[in-house]
file structure_3.cif (mmCIF, C-alpha atoms and all ligand atoms)
data_model
#
loop_
_atom_site.label_atom_id
_atom_site.label_comp_id
_atom_site.auth_asym_id
_atom_site.auth_seq_id
_atom_site.Cartn_x
_atom_site.Cartn_y
_atom_site.Cartn_z
CA MET K 20 47.95 53.43 145.47
CA LYS K 21 50.10 56.54 145.26
CA PHE K 22 49.25 57.53 141.68
CA ASP K 23 45.95 57.28 139.85
CA PRO K 24 46.32 54.41 137.34
CA THR K 25 43.93 56.03 134.86
CA LEU K 26 46.35 58.94 134.73
CA ARG K 27 49.54 56.87 134.78
CA TYR K 28 48.42 54.63 131.92
CA ALA K 29 46.22 57.18 130.08
CA LYS K 30 48.14 57.11 126.80
CA GLN K 31 48.50 53.34 126.87
CA ILE K 32 44.78 52.84 127.55
CA LYS K 33 44.06 55.18 124.65
CA ALA K 34 45.97 52.89 122.29
CA TYR K 35 43.28 50.70 120.75
CA SER K 36 45.40 47.59 121.23
CA ILE K 37 45.20 47.90 125.03
CA GLY K 38 42.14 49.88 126.17
CA SER K 39 40.92 49.81 129.75
CA THR K 40 40.07 46.10 129.55
CA GLY K 41 43.60 45.32 128.43
CA GLN K 42 45.06 47.50 131.15
CA ASP K 43 43.04 45.62 133.78
CA LYS K 44 44.26 42.29 132.38
CA LEU K 45 47.87 43.49 132.44
CA ALA K 46 47.46 44.37 136.10
CA THR K 47 46.56 40.78 136.96
CA ALA K 48 49.23 39.07 134.82
CA SER K 49 52.44 37.56 136.13
CA CYS K 50 55.64 37.21 134.15
CA ALA K 51 59.13 35.89 134.88
CA VAL K 52 62.21 37.33 133.19
CA ILE K 53 65.02 34.77 133.16
CA GLY K 54 68.32 36.62 132.93
CA MET K 55 68.55 40.29 133.84
CA GLY K 56 71.39 41.26 131.54
CA ALA K 57 70.87 43.48 128.52
CA LEU K 58 67.64 41.98 127.18
CA GLY K 59 66.19 41.35 130.63
CA SER K 60 66.85 44.94 131.76
CA ALA K 61 65.07 46.45 128.78
CA ILE K 62 62.16 43.98 128.87
CA ALA K 63 61.59 44.43 132.60
CA ASP K 64 61.70 48.21 132.28
CA LEU K 65 59.02 48.17 129.56
CA LEU K 66 56.76 45.72 131.39
CA VAL K 67 56.99 47.58 134.67
CA ARG K 68 56.20 50.88 132.99
CA ALA K 69 53.29 49.20 131.17
CA GLY K 70 51.82 48.06 134.49
CA ILE K 71 52.17 44.30 134.47
CA GLY K 72 50.88 43.12 137.85
CA TYR K 73 53.70 40.87 139.00
CA LEU K 74 57.22 40.56 137.67
CA ARG K 75 59.70 37.95 138.88
CA ILE K 76 63.24 38.77 137.84
CA ILE K 77 65.81 36.00 138.10
CA ASP K 78 69.54 36.41 137.60
CA ARG K 79 72.69 34.68 138.82
CA ASP K 80 75.18 37.45 138.18
CA PHE K 81 76.31 40.79 139.56
CA VAL K 82 76.85 44.15 137.87
CA GLU K 83 80.21 44.98 136.30
CA ILE K 84 81.37 48.12 134.55
CA SER K 85 81.52 46.32 131.19
CA ASN K 86 77.75 45.73 131.40
CA LEU K 87 76.78 49.37 131.43
CA HIS K 88 76.93 50.15 127.71
CA ARG K 89 73.92 47.94 127.11
CA GLN K 90 72.27 46.93 130.41
CA SER K 91 70.06 49.93 130.94
CA LEU K 92 68.83 49.38 134.50
CA TYR K 93 72.30 49.57 136.08
CA ASN K 94 74.69 52.36 136.99
CA GLU K 95 78.29 52.92 138.07
CA GLN K 96 77.45 52.61 141.74
CA ASP K 97 75.92 49.16 141.15
CA ALA K 98 79.18 48.09 139.48
CA GLU K 99 81.38 49.57 142.22
CA GLN K 100 79.35 47.70 144.84
CA PHE K 101 79.16 44.53 142.68
CA MET K 102 75.43 44.42 143.31
CA PRO K 103 73.58 41.30 142.18
CA LYS K 104 71.64 42.23 139.05
CA ALA K 105 68.33 40.99 140.42
CA ILE K 106 68.67 43.31 143.43
CA ALA K 107 69.95 46.33 141.50
CA ALA K 108 67.20 45.85 138.91
CA ALA K 109 64.46 45.56 141.54
CA HIS K 110 65.68 48.78 143.13
CA ALA K 111 65.60 50.62 139.80
CA LEU K 112 62.24 49.16 138.76
CA ARG K 113 60.52 50.03 142.05
CA ARG K 114 61.50 53.64 141.50
CA VAL K 115 59.77 53.49 138.11
CA ASN K 116 56.51 51.95 139.31
CA SER K 117 55.85 51.33 142.97
CA SER K 118 52.37 49.93 142.36
CA ILE K 119 53.40 46.54 140.98
CA THR K 120 54.97 43.56 142.66
CA ILE K 121 58.60 42.95 141.77
CA ASP K 122 60.09 39.72 143.02
CA PRO K 123 63.89 39.57 142.59
CA ILE K 124 65.62 36.20 142.88
CA ILE K 125 69.39 35.67 142.82
CA ALA K 126 69.72 32.22 141.33
CA ASP K 127 71.02 30.20 138.45
CA VAL K 128 68.03 28.54 136.79
CA HIS K 129 68.62 24.81 136.31
CA ALA K 130 66.66 21.57 136.13
CA GLY K 131 66.65 21.22 139.89
CA ASN K 132 64.98 24.55 140.61
CA ILE K 133 63.10 25.75 137.52
CA GLU K 134 59.74 24.38 138.68
CA GLN K 135 60.04 26.19 141.99
CA LEU K 136 61.37 29.41 140.43
CA LEU K 137 58.54 29.63 137.90
CA ASP K 138 55.77 28.51 140.21
CA GLY K 139 52.63 30.62 139.77
CA ILE K 140 53.94 32.44 136.69
CA ASP K 141 51.72 32.96 133.60
CA PHE K 142 54.36 33.92 131.02
CA ILE K 143 58.12 33.54 130.69
CA VAL K 144 60.51 35.78 128.81
CA ASP K 145 64.02 34.80 127.86
CA GLY K 146 66.70 37.31 128.79
CA SER K 147 69.42 34.67 128.98
CA ASP K 148 72.57 34.33 126.95
CA ASN K 149 72.86 30.61 126.44
CA PHE K 150 71.23 27.68 124.71
CA THR K 151 71.06 25.31 127.67
CA ILE K 152 68.66 27.54 129.53
CA ARG K 153 66.47 27.98 126.44
CA TYR K 154 66.06 24.21 126.02
CA LEU K 155 65.23 24.00 129.73
CA ILE K 156 62.65 26.81 129.47
CA ASN K 157 61.19 25.06 126.43
CA ASP K 158 60.86 21.74 128.30
CA TYR K 159 59.17 23.57 131.16
CA SER K 160 56.90 25.53 128.81
CA VAL K 161 55.66 22.41 127.04
CA SER K 162 55.24 20.48 130.31
CA TYR K 163 53.35 23.22 132.14
CA ASN K 164 51.59 24.81 129.16
CA LYS K 165 53.21 28.20 129.68
CA PRO K 166 53.98 30.52 126.76
CA TRP K 167 57.47 31.97 126.47
CA VAL K 168 59.20 34.55 124.32
CA TYR K 169 62.68 33.75 123.07
CA GLY K 170 65.25 36.46 122.42
CA ALA K 171 68.94 36.52 121.56
CA VAL K 172 71.38 39.21 120.52
CA VAL K 173 74.98 39.17 119.36
CA GLY K 174 76.99 41.80 117.51
CA THR K 175 74.53 44.01 115.63
CA SER K 176 71.83 41.39 115.12
CA GLY K 177 69.22 39.61 117.15
CA SER K 178 66.36 37.19 116.87
CA THR K 179 63.09 36.50 118.62
CA ALA K 180 60.14 34.11 118.46
CA THR K 181 57.09 33.38 120.57
CA PHE K 182 56.26 29.84 121.65
CA ILE K 183 52.75 29.01 122.81
CA PRO K 184 52.25 25.33 123.72
CA GLN K 185 49.56 23.57 121.66
CA HIS K 186 49.29 26.56 119.32
CA THR K 187 52.75 27.04 117.85
CA PRO K 188 55.78 24.83 117.25
CA CYS K 189 58.14 24.65 120.21
CA PHE K 190 61.74 25.84 120.29
CA ARG K 191 62.95 22.29 119.71
CA CYS K 192 60.76 21.91 116.62
CA LEU K 193 62.95 24.62 115.10
CA PHE K 194 66.25 23.72 116.76
CA PRO K 195 66.18 20.00 117.64
CA GLU K 196 69.65 20.05 119.24
CA PRO K 197 71.89 22.80 120.63
CA PRO K 198 74.71 24.03 118.38
CA GLU K 199 78.19 22.64 118.91
CA LEU K 200 80.28 24.71 121.31
CA GLY K 201 82.04 27.39 119.30
CA ALA K 202 79.78 26.93 116.27
CA VAL K 203 77.87 30.16 116.77
CA ASP K 204 79.00 33.67 117.59
CA THR K 205 78.62 34.81 121.18
CA CYS K 206 79.07 38.23 122.76
CA ASP K 207 82.58 36.97 123.60
CA THR K 208 83.51 36.61 119.96
CA ALA K 209 81.35 39.26 118.29
CA GLY K 210 80.52 41.74 121.06
CA VAL K 211 77.07 43.31 121.20
CA LEU K 212 75.55 46.74 120.60
CA GLY K 213 73.00 48.39 122.87
CA PRO K 214 70.52 49.36 120.13
CA ILE K 215 69.91 45.80 118.92
CA VAL K 216 69.25 44.78 122.51
CA HIS K 217 66.48 47.33 122.77
CA MET K 218 65.01 46.40 119.38
CA ILE K 219 64.67 42.73 120.32
CA ALA K 220 63.66 43.45 123.92
CA SER K 221 60.93 45.80 122.70
CA ILE K 222 59.42 43.05 120.57
CA GLN K 223 59.65 40.58 123.45
CA ALA K 224 57.91 43.00 125.81
CA ALA K 225 55.16 43.68 123.25
CA GLU K 226 54.62 39.92 122.88
CA ILE K 227 54.17 39.57 126.64
CA MET K 228 51.70 42.48 126.54
CA LYS K 229 49.71 40.71 123.81
CA LEU K 230 49.68 37.46 125.77
CA ALA K 231 48.78 39.19 129.02
CA THR K 232 45.88 41.07 127.43
CA GLY K 233 44.47 37.90 125.85
CA GLN K 234 45.53 38.76 122.31
CA GLN K 235 47.43 35.60 121.58
CA LYS K 236 46.33 35.64 117.93
CA GLN K 237 48.26 38.88 117.43
CA CYS K 238 51.52 37.29 118.57
CA ASN K 239 54.55 37.03 116.35
CA SER K 240 54.24 33.89 114.21
CA ALA K 241 57.75 34.14 112.80
CA LEU K 242 61.32 33.52 113.72
CA LEU K 243 62.30 37.14 113.31
CA GLN K 244 65.87 38.29 112.75
CA LEU K 245 66.90 41.93 112.76
CA ASP K 246 70.14 43.83 112.29
CA CYS K 247 70.38 47.30 113.78
CA TRP K 248 73.31 48.27 111.53
CA SER K 249 72.36 47.04 108.06
CA LEU K 250 68.66 47.32 108.96
CA GLN K 251 68.11 44.02 107.22
CA GLN K 252 65.25 41.94 108.47
CA LEU K 253 64.39 38.30 107.96
CA SER K 254 61.01 36.94 108.93
CA LEU K 255 60.61 33.19 108.68
CA ASP K 256 56.99 32.09 109.12
CA ILE K 257 56.98 29.27 111.68
CA SER K 258 53.21 28.91 112.11
CA HIS K 259 53.29 25.57 110.29
CA ALA K 260 56.71 24.47 111.48
CA LYS K 261 55.56 22.04 114.16
CA ASN K 262 57.78 18.99 113.78
CA GLU K 263 55.82 15.75 114.18
CA GLN K 264 59.14 14.12 115.15
CA CYS K 265 60.01 16.83 117.69
CA PRO K 266 61.62 15.07 120.67
CA CYS K 267 59.96 17.52 123.07
CA CYS K 268 56.42 18.54 122.04
CA SER K 269 55.66 15.47 119.85
CA GLN K 270 57.53 12.63 121.54
CA GLY K 271 57.39 13.83 125.14
CA SER K 272 61.12 13.90 125.94
CA ARG K 273 62.18 16.42 128.54
CA ASP K 274 65.91 16.01 128.15
CA TRP K 275 66.82 19.26 129.91
CA LEU K 276 64.11 19.23 132.58
CA ASN K 277 65.02 15.67 133.55
CA GLU K 278 68.77 16.27 133.60
CA ALA K 279 69.93 14.35 136.65
CA SER K 280 73.17 16.13 137.36
CA LEU K 281 72.97 19.20 139.49
CA ILE K 282 76.70 19.78 139.44
CA HIS K 283 77.43 21.74 136.40
CA SER K 284 79.73 24.35 135.04
CA THR K 285 78.85 27.20 132.74
CA SER K 286 81.03 29.66 130.93
CA ILE K 287 79.60 33.15 131.42
CA CYS K 288 79.36 34.99 128.12
CA GLY K 289 81.80 37.87 127.74
CA ARG K 290 83.19 37.49 131.22
CA GLN K 291 86.16 35.09 131.19
CA THR K 292 84.30 33.39 134.01
CA ILE K 293 83.42 29.82 134.92
CA GLN K 294 80.44 29.25 137.14
CA LEU K 295 80.36 26.08 139.23
CA THR K 296 77.16 24.90 140.86
CA LEU K 297 77.55 22.41 143.69
CA ALA K 298 75.18 19.53 144.36
CA GLU K 299 75.53 19.86 148.12
CA PRO K 300 75.23 23.10 150.07
CA LEU K 301 78.50 24.41 151.44
CA PRO K 302 78.78 23.94 155.21
CA TYR K 303 79.34 27.68 155.71
CA THR K 304 77.35 30.86 155.67
CA LEU K 305 78.74 33.70 153.55
CA ASP K 306 80.02 35.38 156.73
CA GLU K 307 81.78 32.23 157.90
CA PHE K 308 83.35 31.75 154.48
CA ALA K 309 84.56 35.36 154.40
CA ALA K 310 85.94 35.04 157.94
CA LEU K 311 87.89 31.91 157.01
CA TYR K 312 89.80 33.61 154.22
CA GLU K 313 89.89 37.34 154.89
CA LYS K 314 93.26 37.15 156.66
CA THR K 315 94.88 35.42 153.71
CA TYR K 316 93.19 37.09 150.76
CA GLU K 317 91.73 40.47 149.93
CA THR K 318 88.06 39.79 150.64
CA LYS K 319 85.03 41.93 149.85
CA ARG K 320 81.59 41.27 151.16
CA ASN K 321 78.14 42.66 150.59
CA ARG K 322 74.77 41.30 151.68
CA TYR K 323 74.57 38.99 148.72
CA LEU K 324 78.01 37.60 147.98
CA VAL K 325 81.65 37.24 149.00
CA LYS K 326 84.40 38.13 146.56
CA ILE K 327 87.93 36.83 147.21
CA LYS K 328 90.92 38.02 145.25
CA TYR K 329 92.92 34.85 144.73
CA SER K 330 95.54 36.45 142.48
CA ASP K 331 95.89 39.49 140.22
CA GLN K 332 94.04 37.57 137.53
CA ILE K 333 91.69 35.32 139.48
CA ASN K 334 88.73 36.18 141.68
CA LEU K 335 86.42 33.74 143.43
CA ILE K 336 82.84 34.84 144.12
CA LEU K 337 80.59 32.83 146.39
CA PHE K 338 76.79 33.18 146.33
CA PRO K 339 74.41 31.86 148.99
CA ASP K 340 72.75 29.42 146.55
CA HIS K 341 75.86 27.17 146.37
CA ARG K 342 77.29 28.77 143.28
CA ILE K 343 80.86 29.86 142.86
CA MET K 344 82.14 31.97 140.03
CA ILE K 345 85.81 31.77 139.15
CA GLN K 346 86.67 34.95 137.30
CA GLY K 347 89.68 35.23 135.03
CA THR K 348 89.56 31.87 133.30
CA GLU K 349 87.56 29.96 130.74
CA ASP K 350 89.14 26.63 131.66
CA VAL K 351 86.71 24.51 133.68
CA GLU K 352 89.38 22.17 135.06
CA PHE K 353 91.51 25.09 136.20
CA ALA K 354 88.44 26.67 137.82
CA VAL K 355 87.61 23.46 139.70
CA ASN K 356 91.21 23.26 140.92
CA ILE K 357 91.01 26.82 142.27
CA LEU K 358 87.75 25.98 144.02
CA LYS K 359 89.35 22.93 145.63
CA LYS K 360 91.77 25.22 147.41
CA PHE K 361 88.79 26.74 149.24
CA VAL K 362 86.25 23.98 149.70
CA GLU K 363 86.28 20.22 149.90
CA ILE K 364 84.63 18.78 146.80
ZN ZN K 401 58.41 20.80 119.36
#
call {"tool": "encode", "arguments": {"input": "structure_3.cif", "output": "structure tokens"}}
result
Amino acid sequence: MKFDPTLRYAKQIKAYSIGSTGQDKLATASCAVIGMGALGSAIADLLVRAGIGYLRIIDRDFVEISNLHRQSLYNEQDAEQFMPKAIAAAHALRRVNSSITIDPIIADVHAGNIEQLLDGIDFIVDGSDNFTIRYLINDYSVSYNKPWVYGAVVGTSGSTATFIPQHTPCFRCLFPEPPELGAVDTCDTAGVLGPIVHMIASIQAAEIMKLATGQQKQCNSALLQLDCWSLQQLSLDISHAKNEQCPCCSQGSRDWLNEASLIHSTSICGRQTIQLTLAEPLPYTLDEFAALYEKTYETKRNRYLVKIKYSDQINLILFPDHRIMIQGTEDVEFAVNILKKFVEI
């Protein structure tokens, strides 16, 4: 080990809430961050600095210039090179702390791969931007008895809660069904400020530190809402909110984990982008795909993806895990039609 851990973590060990026993426990804990956007960046940075032993960072997206005002692990070069966030984040995090294991994965988490992606992980933290993934994480958490920390930000406000199977209500106890599309603000409609990201991410990271050091009883027992502009705070005690009719933790349904369809489309928040995930692998490698179209379209390629400029407004980005992003539209049918010009589906 390059640096003496007693020196590196001296001030953290001195804090009575951690101590040397806590520091040792942190060093053996494993955590997955799902979504390495704004929240995920800040959470991962804190956990890596704190000395968590193993951090798996999972993200489906790549860095763009419009991310930089709030996504603190990335820089202009990452955006210019359209680096996948998982890779750019791993690079930045390893420069912060080379003594811990960072495991970057470029993938869209869905019912077909969540068990594999979270295999061997003790704790899960939500850095995502959509409800579908949170219901899926919740199903997984209840099924596999893994605690997770929810977080969401939009505009100047954010919310967080900690879900520990068999000890707290689950996410679905509080929110039995997802909101209707368009019923809640998103970063598309309300934007988002960097400071609220860091406020919520800081609480999420502290919750993981409590869990990892065996201090579950100290965890947040509220659905906490904060606003970084008005400084208003709402803390709703959820310690007795377990719903005996909860479809997930009481009745055993795993509606998201058991979702049969692996072809799905997602609108990417704030990006005018539709993501399409195919059930069958494409019969090409990234290089073969790029070679097929580079004479017809302006094509850019890095190790992780191929980006094809279809028109001034529309880009198509192909990832190796059978995902295609169609940038420049929010219309799923239109996106599928563009894709059909490139692959047989
Ligand atoms: Zn429940």
call {"tool": "residues_around", "arguments": {"input": "structure_3.cif", "residues": "region 198-208 of chain K", "least_positions_apart": "4", "cutoff": "9 Å", "atoms": "only C-alpha atoms", "output": "PDB file with C-alpha atoms, keeping the file's coordinate frame"}}
result
ATOM      1  CA  ASP K 148      72.570  34.330 126.950  1.00  0.00           C
ATOM      2  CA  ASN K 149      72.860  30.610 126.440  1.00  0.00           C
ATOM      3  CA  PHE K 150      71.230  27.680 124.710  1.00  0.00           C
ATOM      4  CA  VAL K 172      71.380  39.210 120.520  1.00  0.00           C
ATOM      5  CA  VAL K 173      74.980  39.170 119.360  1.00  0.00           C
ATOM      6  CA  GLY K 174      76.990  41.800 117.510  1.00  0.00           C
ATOM      7  CA  PHE K 194      66.250  23.720 116.760  1.00  0.00           C
ATOM      8  CA  CYS K 288      79.360  34.990 128.120  1.00  0.00           C
ATOM      9  CA  GLY K 289      81.800  37.870 127.740  1.00  0.00           C
ATOM     10  CA  ARG K 290      83.190  37.490 131.220  1.00  0.00           C
ATOM     11  CA  GLN K 291      86.160  35.090 131.190  1.00  0.00           C
TER      12      GLN K 291
END
call {"tool": "closest_residue", "arguments": {"input": "structure_3.cif", "among": "K:Cys267, K:Leu297, K:Leu45, K:Leu137", "to": "ligand ZN 401 (chain K)", "atoms": "all atoms listed in the file"}}
result
K:Cys267
call {"tool": "atom_distance", "arguments": {"input": "structure_3.cif", "atom1": "CA of Ile345 (chain K)", "atom2": "CA of Lys326 (chain K)"}}
result
9.9 Å
call {"tool": "closest_atom_pairs", "arguments": {"input": "structure_3.cif", "of": "chain K", "to": "ligand ZN 401 (chain K)", "cutoff": "10 Å", "atoms": "only C-alpha atoms and all ligand atoms", "output": "JSON lines"}}
result
{"residue": "K:Asn157", "atom": "CA", "partner": "K:ZN401", "partner_atom": "ZN", "distance": 8.7}
{"residue": "K:Asp158", "atom": "CA", "partner": "K:ZN401", "partner_atom": "ZN", "distance": 9.3}
{"residue": "K:Val161", "atom": "CA", "partner": "K:ZN401", "partner_atom": "ZN", "distance": 8.3}
{"residue": "K:Phe182", "atom": "CA", "partner": "K:ZN401", "partner_atom": "ZN", "distance": 9.6}
{"residue": "K:Pro184", "atom": "CA", "partner": "K:ZN401", "partner_atom": "ZN", "distance": 8.8}
{"residue": "K:Gln185", "atom": "CA", "partner": "K:ZN401", "partner_atom": "ZN", "distance": 9.6}
{"residue": "K:Thr187", "atom": "CA", "partner": "K:ZN401", "partner_atom": "ZN", "distance": 8.6}
{"residue": "K:Pro188", "atom": "CA", "partner": "K:ZN401", "partner_atom": "ZN", "distance": 5.3}
{"residue": "K:Cys189", "atom": "CA", "partner": "K:ZN401", "partner_atom": "ZN", "distance": 4.0}
{"residue": "K:Phe190", "atom": "CA", "partner": "K:ZN401", "partner_atom": "ZN", "distance": 6.1}
{"residue": "K:Arg191", "atom": "CA", "partner": "K:ZN401", "partner_atom": "ZN", "distance": 4.8}
{"residue": "K:Cys192", "atom": "CA", "partner": "K:ZN401", "partner_atom": "ZN", "distance": 3.8}
{"residue": "K:Leu193", "atom": "CA", "partner": "K:ZN401", "partner_atom": "ZN", "distance": 7.3}
{"residue": "K:Phe194", "atom": "CA", "partner": "K:ZN401", "partner_atom": "ZN", "distance": 8.8}
{"residue": "K:Pro195", "atom": "CA", "partner": "K:ZN401", "partner_atom": "ZN", "distance": 8.0}
{"residue": "K:Ala260", "atom": "CA", "partner": "K:ZN401", "partner_atom": "ZN", "distance": 8.9}
{"residue": "K:Lys261", "atom": "CA", "partner": "K:ZN401", "partner_atom": "ZN", "distance": 6.1}
{"residue": "K:Asn262", "atom": "CA", "partner": "K:ZN401", "partner_atom": "ZN", "distance": 5.9}
{"residue": "K:Glu263", "atom": "CA", "partner": "K:ZN401", "partner_atom": "ZN", "distance": 7.7}
{"residue": "K:Gln264", "atom": "CA", "partner": "K:ZN401", "partner_atom": "ZN", "distance": 7.9}
{"residue": "K:Cys265", "atom": "CA", "partner": "K:ZN401", "partner_atom": "ZN", "distance": 4.6}
{"residue": "K:Pro266", "atom": "CA", "partner": "K:ZN401", "partner_atom": "ZN", "distance": 6.7}
{"residue": "K:Cys267", "atom": "CA", "partner": "K:ZN401", "partner_atom": "ZN", "distance": 5.2}
{"residue": "K:Cys268", "atom": "CA", "partner": "K:ZN401", "partner_atom": "ZN", "distance": 4.0}
{"residue": "K:Ser269", "atom": "CA", "partner": "K:ZN401", "partner_atom": "ZN", "distance": 6.0}
{"residue": "K:Gln270", "atom": "CA", "partner": "K:ZN401", "partner_atom": "ZN", "distance": 8.5}
{"residue": "K:Gly271", "atom": "CA", "partner": "K:ZN401", "partner_atom": "ZN", "distance": 9.1}
{"residue": "K:Ser272", "atom": "CA", "partner": "K:ZN401", "partner_atom": "ZN", "distance": 9.9}
call {"tool": "write_last_selection", "arguments": {"input": "structure_3.cif", "atoms": "C-alpha atoms", "output": "JSON list (two decimals), keeping the file's coordinate frame"}}
result
[["chain", "number", "residue", "atom", "x", "y", "z"],
["K", 157, "ASN", "CA", 61.19, 25.06, 126.43],
["K", 158, "ASP", "CA", 60.86, 21.74, 128.30],
["K", 161, "VAL", "CA", 55.66, 22.41, 127.04],
["K", 182, "PHE", "CA", 56.26, 29.84, 121.65],
["K", 184, "PRO", "CA", 52.25, 25.33, 123.72],
["K", 185, "GLN", "CA", 49.56, 23.57, 121.66],
["K", 187, "THR", "CA", 52.75, 27.04, 117.85],
["K", 188, "PRO", "CA", 55.78, 24.83, 117.25],
["K", 189, "CYS", "CA", 58.14, 24.65, 120.21],
["K", 190, "PHE", "CA", 61.74, 25.84, 120.29],
["K", 191, "ARG", "CA", 62.95, 22.29, 119.71],
["K", 192, "CYS", "CA", 60.76, 21.91, 116.62],
["K", 193, "LEU", "CA", 62.95, 24.62, 115.10],
["K", 194, "PHE", "CA", 66.25, 23.72, 116.76],
["K", 195, "PRO", "CA", 66.18, 20.00, 117.64],
["K", 260, "ALA", "CA", 56.71, 24.47, 111.48],
["K", 261, "LYS", "CA", 55.56, 22.04, 114.16],
["K", 262, "ASN", "CA", 57.78, 18.99, 113.78],
["K", 263, "GLU", "CA", 55.82, 15.75, 114.18],
["K", 264, "GLN", "CA", 59.14, 14.12, 115.15],
["K", 265, "CYS", "CA", 60.01, 16.83, 117.69],
["K", 266, "PRO", "CA", 61.62, 15.07, 120.67],
["K", 267, "CYS", "CA", 59.96, 17.52, 123.07],
["K", 268, "CYS", "CA", 56.42, 18.54, 122.04],
["K", 269, "SER", "CA", 55.66, 15.47, 119.85],
["K", 270, "GLN", "CA", 57.53, 12.63, 121.54],
["K", 271, "GLY", "CA", 57.39, 13.83, 125.14],
["K", 272, "SER", "CA", 61.12, 13.90, 125.94]]
call {"tool": "atom_distance", "arguments": {"input": "structure_3.cif", "atom1": "CA of Ala109 (chain K)", "atom2": "CA of Asp64 (chain K)"}}
result
10.0 Å
call {"tool": "residues_around", "arguments": {"input": "structure_3.cif", "residues": "region 21-31 of chain K", "least_positions_apart": "6", "cutoff": "9 Å", "atoms": "all atoms listed in the file", "output": "JSON, numbers by chain"}}
result
{"K": [37, 38, 39, 42, 68, 69, 70, 117, 118]}
call {"tool": "atom_distance", "arguments": {"input": "structure_3.cif", "atom1": "CA of Asn94 (chain K)", "atom2": "CA of Gly210 (chain K)"}}
result
20.0 Å
call {"tool": "closest_residue", "arguments": {"input": "structure_3.cif", "among": "K:Asp306, K:Asp127, K:Glu134, K:Asp122", "to": "Asp80 (chain K)", "atoms": "only C-alpha atoms"}}
result
K:Asp127
call {"tool": "closest_residue", "arguments": {"input": "structure_3.cif", "among": "K:Gly233, K:Gly146, K:Pro214, K:Gly59", "to": "Thr47 (chain K)", "atoms": "all atoms listed in the file"}}
result
K:Gly233
call {"tool": "residues_around", "arguments": {"input": "structure_3.cif", "residues": "Glu99 (chain K)", "least_positions_apart": "2", "cutoff": "12 Å", "atoms": "all atoms listed in the file", "output": "list in words"}}
result
Phe81, Val82, Glu83, Ile84, Ser85, Leu87, Tyr93, Asn94, Glu95, Gln96, Asp97, Phe101, Met102, Pro103, Ala107, Lys319 and Asn321 of chain K
call {"tool": "decode", "arguments": {"input": "structure_3.cif", "residues": "region 101-111 of chain K", "atoms": "N, CA, C and O atoms", "output": "mmCIF file, in the first residue's frame"}}
result
data_model
loop_
_atom_site.group_PDB
_atom_site.id
_atom_site.type_symbol
_atom_site.label_atom_id
_atom_site.label_comp_id
_atom_site.auth_asym_id
_atom_site.auth_seq_id
_atom_site.Cartn_x
_atom_site.Cartn_y
_atom_site.Cartn_z
ATOM 1 N N PHE K 101 -16.416 12.017 -25.301
ATOM 2 C CA PHE K 101 -17.641 11.278 -24.953
ATOM 3 C C PHE K 101 -17.315 9.974 -24.220
ATOM 4 O O PHE K 101 -17.715 8.884 -24.612
ATOM 5 N N MET K 102 -16.586 10.136 -23.129
ATOM 6 C CA MET K 102 -16.195 8.978 -22.322
ATOM 7 C C MET K 102 -17.397 8.422 -21.568
ATOM 8 O O MET K 102 -18.189 9.187 -21.011
ATOM 9 N N PRO K 103 -17.544 7.107 -21.514
ATOM 10 C CA PRO K 103 -18.584 6.543 -20.651
ATOM 11 C C PRO K 103 -18.341 7.000 -19.213
ATOM 12 O O PRO K 103 -17.199 7.055 -18.749
ATOM 13 N N LYS K 104 -19.438 7.326 -18.518
ATOM 14 C CA LYS K 104 -19.271 7.868 -17.165
ATOM 15 C C LYS K 104 -18.592 6.877 -16.228
ATOM 16 O O LYS K 104 -17.785 7.268 -15.385
ATOM 17 N N ALA K 105 -18.908 5.596 -16.366
ATOM 18 C CA ALA K 105 -18.309 4.616 -15.459
ATOM 19 C C ALA K 105 -16.783 4.632 -15.603
ATOM 20 O O ALA K 105 -16.058 4.569 -14.610
ATOM 21 N N ILE K 106 -16.308 4.767 -16.846
ATOM 22 C CA ILE K 106 -14.865 4.744 -17.099
ATOM 23 C C ILE K 106 -14.209 6.038 -16.625
ATOM 24 O O ILE K 106 -13.175 6.026 -15.943
ATOM 25 N N ALA K 107 -14.833 7.173 -16.988
ATOM 26 C CA ALA K 107 -14.273 8.466 -16.570
ATOM 27 C C ALA K 107 -14.256 8.569 -15.047
ATOM 28 O O ALA K 107 -13.294 9.065 -14.452
ATOM 29 N N ALA K 108 -15.318 8.077 -14.413
ATOM 30 C CA ALA K 108 -15.398 8.140 -12.945
ATOM 31 C C ALA K 108 -14.323 7.254 -12.320
ATOM 32 O O ALA K 108 -13.644 7.665 -11.375
ATOM 33 N N ALA K 109 -14.151 6.053 -12.842
ATOM 34 C CA ALA K 109 -13.138 5.144 -12.280
ATOM 35 C C ALA K 109 -11.759 5.775 -12.373
ATOM 36 O O ALA K 109 -10.966 5.708 -11.428
ATOM 37 N N HIS K 110 -11.498 6.427 -13.496
ATOM 38 C CA HIS K 110 -10.208 7.087 -13.682
ATOM 39 C C HIS K 110 -10.004 8.172 -12.621
ATOM 40 O O HIS K 110 -8.960 8.249 -11.964
ATOM 41 N N ALA K 111 -11.026 8.989 -12.427
ATOM 42 C CA ALA K 111 -10.924 10.075 -11.441
ATOM 43 C C ALA K 111 -10.803 9.515 -10.018
ATOM 44 O O ALA K 111 -9.994 9.991 -9.213
#
